[in-house]
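Peer 1: One structure follows; several queries about it will come next.
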Amino acid sequence: MVKNSEKNTPEIESESVLVCKDHLLSGEEFSISEYQPGILKTDPVPENLSSYYESEAYISHRDSSRSVQDKVYQFVKSYMLDQKAKWISKEKARGKILDFGAGTGEFLKKMKSRGWEIEGVEPSETARDFARKKDLILKSHLDEISNQKFDVISLWHVLEHIPDYELHLQKFYDLLVEDGILIIAVPNFNSYDAQFYKEFWAAWDVPRHLWHFSRNGLKNKLSNFGFSLLREEPLKFDSFYVSLLSEKNKTGSSNPFNAFYQGLKSNQRAKSTGEYSSIAYFFQKTSKNRF
């Protein structure tokens with residue numbers, strides 16, 4: 001088991017919140033327990049964690065359009081690339097951006113087309129190979145980036161995968177210019193769809209998701225590192241996609257009609273609560289962090 005390397009804040013000793021199965025690959029069970037207020041952790045963390053990504057069903061690192069599900073995923077991804085670029089342009093028109101967990105490079109390709117200077121980090125060799133075919137050279141590790149400052153650093157559904165994420169938050173802080181923007185998109189375990197599907201909620205995605213965040217949990221964590229929240233942007237498509245996967249986890253069938261209903265219900269409730277299935281948080285570097 002990999003020991004947690006975060007030392008800045010004491011860990012809360014608590015009972016398991018629930019037990020979830022790895023529905024994607026291994027069928028193994030993992031506990032989810034409270035780490036800090038508003039932040040949960042997956043336990044145990046396998047020593048061979050990278051092997052849990054080796055699945056044809058894990059489509060975040062590939063550009064497949066073979067199945068209907070893949071085609072829908074790719075269509076939504078294309079739409080959201082434009083949306084993400086528009087959100088960023090509200091804060092900064094041009095500049096230098098680092099995408100951490102860049103996948104196959106589609107987001108960086110979009111930002112480059114809009115006049116941004118780009119840099120990317122992606123640990124997956126397979127994903128980097130896909131990016132290279134698009135004339136994008138991605139770094140394999142954050143330590144390969146030095147003597148640079150960025151106007152924007154983005155993590156689109158990446159923070160939950162990082163074992164030592166607090167150490168990375170410190171590095172992101174140091175890599176940003178004084179008024180730089182840190183974008184973090186993560187699932188929200190206080191959303192309606194998470195509460196409805198419980199241990200079958202696909203966004204638990206154990207053991208690949210090592211950390212699980214509530215809105216307050218993430219905002220409080222980032223404030224400790226000298227970041228203030230500028231705004232939140234809901235990722236409304238996620239409730240439908242996650243519900244589709246959750247239905248299959250729960251019943252063995254995708255049940256698209258019920259998945260659509262639950263996804264719609266989640267978004268409708270979130271209009272008043274703010275508890276969307278996934279949220280993109282825009283933080284600004286404002287002061288010296290506490291660590």
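Labels for the structure tokens follow display order: chains A, B, ..., residues from 1 in each chain, ligands from 1.
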Can you list every residue in segment 55-139 of chain A that DSSP puts in strand (DSSP E), as a short mmCIF file (atom, residue, chain, number, x, y, z; two decimals) with C-alpha atoms, in the first residue's frame?

Peer 2:
data_model
loop_
_atom_site.label_atom_id
_atom_site.label_comp_id
_atom_site.auth_asym_id
_atom_site.auth_seq_id
_atom_site.Cartn_x
_atom_site.Cartn_y
_atom_site.Cartn_z
CA LYS A 96 0.68 31.23 -21.06
CA ILE A 97 -1.20 28.14 -19.90
CA LEU A 98 -0.13 24.87 -18.32
CA ASP A 99 -2.56 21.95 -18.56
CA PHE A 100 -1.72 19.33 -15.96
CA GLU A 117 1.35 29.82 -25.39
CA ILE A 118 0.91 26.25 -24.19
CA GLU A 119 2.63 23.69 -22.00
CA GLY A 120 1.31 20.32 -20.88
CA VAL A 121 2.09 17.52 -18.45
#

Peer 1: Residues of segment 135-289 of chain A classed as helix (DSSP H, G or I) by DSSP on the backbone are to be reported as a PyMOL selection string.

Peer 2: chain A and resi 142-144+159-161+165-175+192-200+202-204+215-223+237-251+256-273

Peer 1: May I ask for the distance between atom CA of Val158 of chain A and atom CA of Arg269 of chain A, given in Å to one decimal place?

Peer 2: 25.6 Å

Peer 1: Which residues come within 12 Å of segment 241-248 of chain A, counting only C-alpha atoms, excluding same-chain residues fewer than 6 positions away, as an MDAnalysis selection string?

Peer 2: chainID A and resid 20:24 57:58 69:70 72:74 76:77 187:189 191:205 235 254:267 276:278

Peer 1: Quick check, in Å to one decimal: how far apart do atom CA of Ile32 of chain A and atom CA of Ser51 of chain A lie?

Peer 2: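 Answer for the atom CA of Ile32 of chain A to atom CA of Ser51 of chain A separation: 20.2 Å.
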
Peer 1: Looking at A:Ile279, A:Trp211, A:Phe75, A:Glu47, which one is nearest to Pro234 of chain A, with distances taken over only C-alpha atoms?

Peer 2: A:Ile279

Peer 1: Suppose you want the space between atom CA of Ala102 of chain A and atom CA of Asp135 of chain A; what is it in Å?

Peer 2: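 Computing the Euclidean distance for atom CA of Ala102 of chain A and atom CA of Asp135 of chain A yields 13.8 Å.
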
Peer 1: Choose the residue, out of A:Asn147, A:Asn220, A:Thr42, A:Ser287, that has the smallest atom-to-atom separation from Pro163 of chain A; count only C-alpha atoms.

Peer 2: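 Checking each of A:Asn147, A:Asn220, A:Thr42, A:Ser287 against Pro163 of chain A, counting only C-alpha atoms, the winner is A:Thr42.
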
Peer 1: List as a list in words the protein and nucleic acid residues near His209 of chain A, meaning an atom at most 6 Å away when only C-alpha atoms are counted, but skip any in the same chain fewer than 3 places from it.

Peer 2: Glu160, His161, Asp205 and Val206 of chain A

Peer 1: Hey, can you spit out that residue selection with N, CA and C atoms as an mmCIF file, in the first residue's frame?

Peer 2:
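Contents of result_37.cif, as written:
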data_model
loop_
_atom_site.group_PDB
_atom_site.id
_atom_site.type_symbol
_atom_site.label_atom_id
_atom_site.label_comp_id
_atom_site.auth_asym_id
_atom_site.auth_seq_id
_atom_site.Cartn_x
_atom_site.Cartn_y
_atom_site.Cartn_z
ATOM 1 N N GLU A 160 -8.207 14.654 -8.377
ATOM 2 C CA GLU A 160 -8.641 13.486 -7.623
ATOM 3 C C GLU A 160 -7.752 12.260 -7.863
ATOM 4 N N HIS A 161 -6.900 12.326 -8.896
ATOM 5 C CA HIS A 161 -6.010 11.209 -9.228
ATOM 6 C C HIS A 161 -4.623 11.326 -8.604
ATOM 7 N N ASP A 205 -15.204 6.065 -8.786
ATOM 8 C CA ASP A 205 -14.175 5.505 -9.666
ATOM 9 C C ASP A 205 -12.931 5.017 -8.920
ATOM 10 N N VAL A 206 -13.160 4.242 -7.866
ATOM 11 C CA VAL A 206 -12.035 3.693 -7.096
ATOM 12 C C VAL A 206 -11.328 2.586 -7.895
#

Peer 1: May I have the residues within 8 Å of Gly217 of chain A as a list in words, using only C-alpha atoms and disregarding those fewer than 6 positions away in the same chain?

Peer 2: Gln36, Pro37, Gly38 and Ile39 of chain A

Peer 1: Atoms to include: C-alpha atoms. Write the selected residues as a PDB file, in the first residue's frame.

Peer 2:
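That gives us part13.pdb:
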ATOM      1  CA  GLN A  36     -10.428  16.164   6.335  1.00  0.00           C
ATOM      2  CA  PRO A  37     -13.731  18.062   6.569  1.00  0.00           C
ATOM      3  CA  GLY A  38     -15.277  17.947   3.101  1.00  0.00           C
ATOM      4  CA  ILE A  39     -12.528  15.710   1.692  1.00  0.00           C
TER       5      ILE A  39
END

Peer 1: Point out the residue among A:Gly101, A:Pro207, A:Gly95, A:Pro123 with the least atom-to-atom distance to Glu28 of chain A, counting only C-alpha atoms.

Peer 2: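 For Glu28 of chain A, the nearest of the candidates is A:Pro207.
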
Peer 1: With a distance cut-off of 7 Å and only C-alpha atoms, select the neighbouring residues of segment 172-185 of chain A, excluding the residue or stretch itself and same-chain residues fewer than 4 positions from it, and output the selection as a short mmCIF file (atom, residue, chain, number, x, y, z; two decimals) with N, CA and C atoms, in the first residue's frame.

Peer 2:
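Listed below is the output, result_23.cif:
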data_model
loop_
_atom_site.label_atom_id
_atom_site.label_comp_id
_atom_site.auth_asym_id
_atom_site.auth_seq_id
_atom_site.Cartn_x
_atom_site.Cartn_y
_atom_site.Cartn_z
N GLN A 148 9.75 28.86 -15.42
CA GLN A 148 8.61 29.36 -16.17
C GLN A 148 7.54 29.85 -15.21
N LYS A 149 6.76 30.81 -15.67
CA LYS A 149 5.59 31.27 -14.94
C LYS A 149 4.39 31.24 -15.88
N PHE A 150 3.23 30.88 -15.31
CA PHE A 150 2.04 30.71 -16.12
C PHE A 150 0.92 31.64 -15.66
N ASP A 151 0.14 32.11 -16.63
CA ASP A 151 -1.04 32.92 -16.32
C ASP A 151 -2.19 32.04 -15.85
N VAL A 152 -2.26 30.83 -16.40
CA VAL A 152 -3.32 29.90 -16.06
C VAL A 152 -2.74 28.50 -15.94
N ILE A 153 -3.17 27.77 -14.91
CA ILE A 153 -2.88 26.33 -14.79
C ILE A 153 -4.22 25.63 -14.66
N SER A 154 -4.43 24.60 -15.45
CA SER A 154 -5.72 23.91 -15.44
C SER A 154 -5.56 22.43 -15.12
N LEU A 155 -6.53 21.92 -14.36
CA LEU A 155 -6.62 20.49 -14.06
C LEU A 155 -8.07 20.07 -14.27
N TRP A 156 -8.34 19.45 -15.40
CA TRP A 156 -9.70 19.03 -15.73
C TRP A 156 -9.88 17.57 -15.31
N HIS A 157 -10.53 17.36 -14.18
CA HIS A 157 -10.73 16.02 -13.62
C HIS A 157 -9.40 15.30 -13.45
N HIS A 168 1.45 19.14 -4.89
CA HIS A 168 1.23 19.70 -6.23
C HIS A 168 0.58 21.07 -6.14
N SER A 278 -20.46 17.72 -11.21
CA SER A 278 -19.06 18.13 -11.32
C SER A 278 -19.02 19.64 -11.49
N ILE A 279 -17.98 20.24 -10.99
CA ILE A 279 -17.86 21.69 -11.01
C ILE A 279 -16.43 22.08 -11.37
N ALA A 280 -16.31 23.11 -12.20
CA ALA A 280 -15.01 23.71 -12.48
C ALA A 280 -14.87 24.95 -11.62
N TYR A 281 -13.85 24.95 -10.78
CA TYR A 281 -13.60 26.05 -9.85
C TYR A 281 -12.47 26.92 -10.41
N PHE A 282 -12.69 28.23 -10.42
CA PHE A 282 -11.68 29.17 -10.87
C PHE A 282 -11.14 29.90 -9.64
N PHE A 283 -9.89 29.61 -9.31
CA PHE A 283 -9.23 30.23 -8.16
C PHE A 283 -8.17 31.21 -8.65
N GLN A 284 -7.99 32.28 -7.89
CA GLN A 284 -6.93 33.24 -8.21
C GLN A 284 -5.89 33.26 -7.11
N LYS A 285 -4.64 33.28 -7.50
CA LYS A 285 -3.53 33.40 -6.56
C LYS A 285 -3.57 34.81 -5.95
N THR A 286 -3.72 34.89 -4.65
CA THR A 286 -3.93 36.20 -4.03
C THR A 286 -2.94 36.55 -2.94
#

Peer 1: For a quick check of understanding, using only C-alpha atoms, which of A:Tyr79, A:Phe130, A:Tyr53, A:Phe213 has the smallest distance to Ser33 of chain A?

Peer 2: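 Distance minimum relative to Ser33 of chain A lands on A:Phe213.
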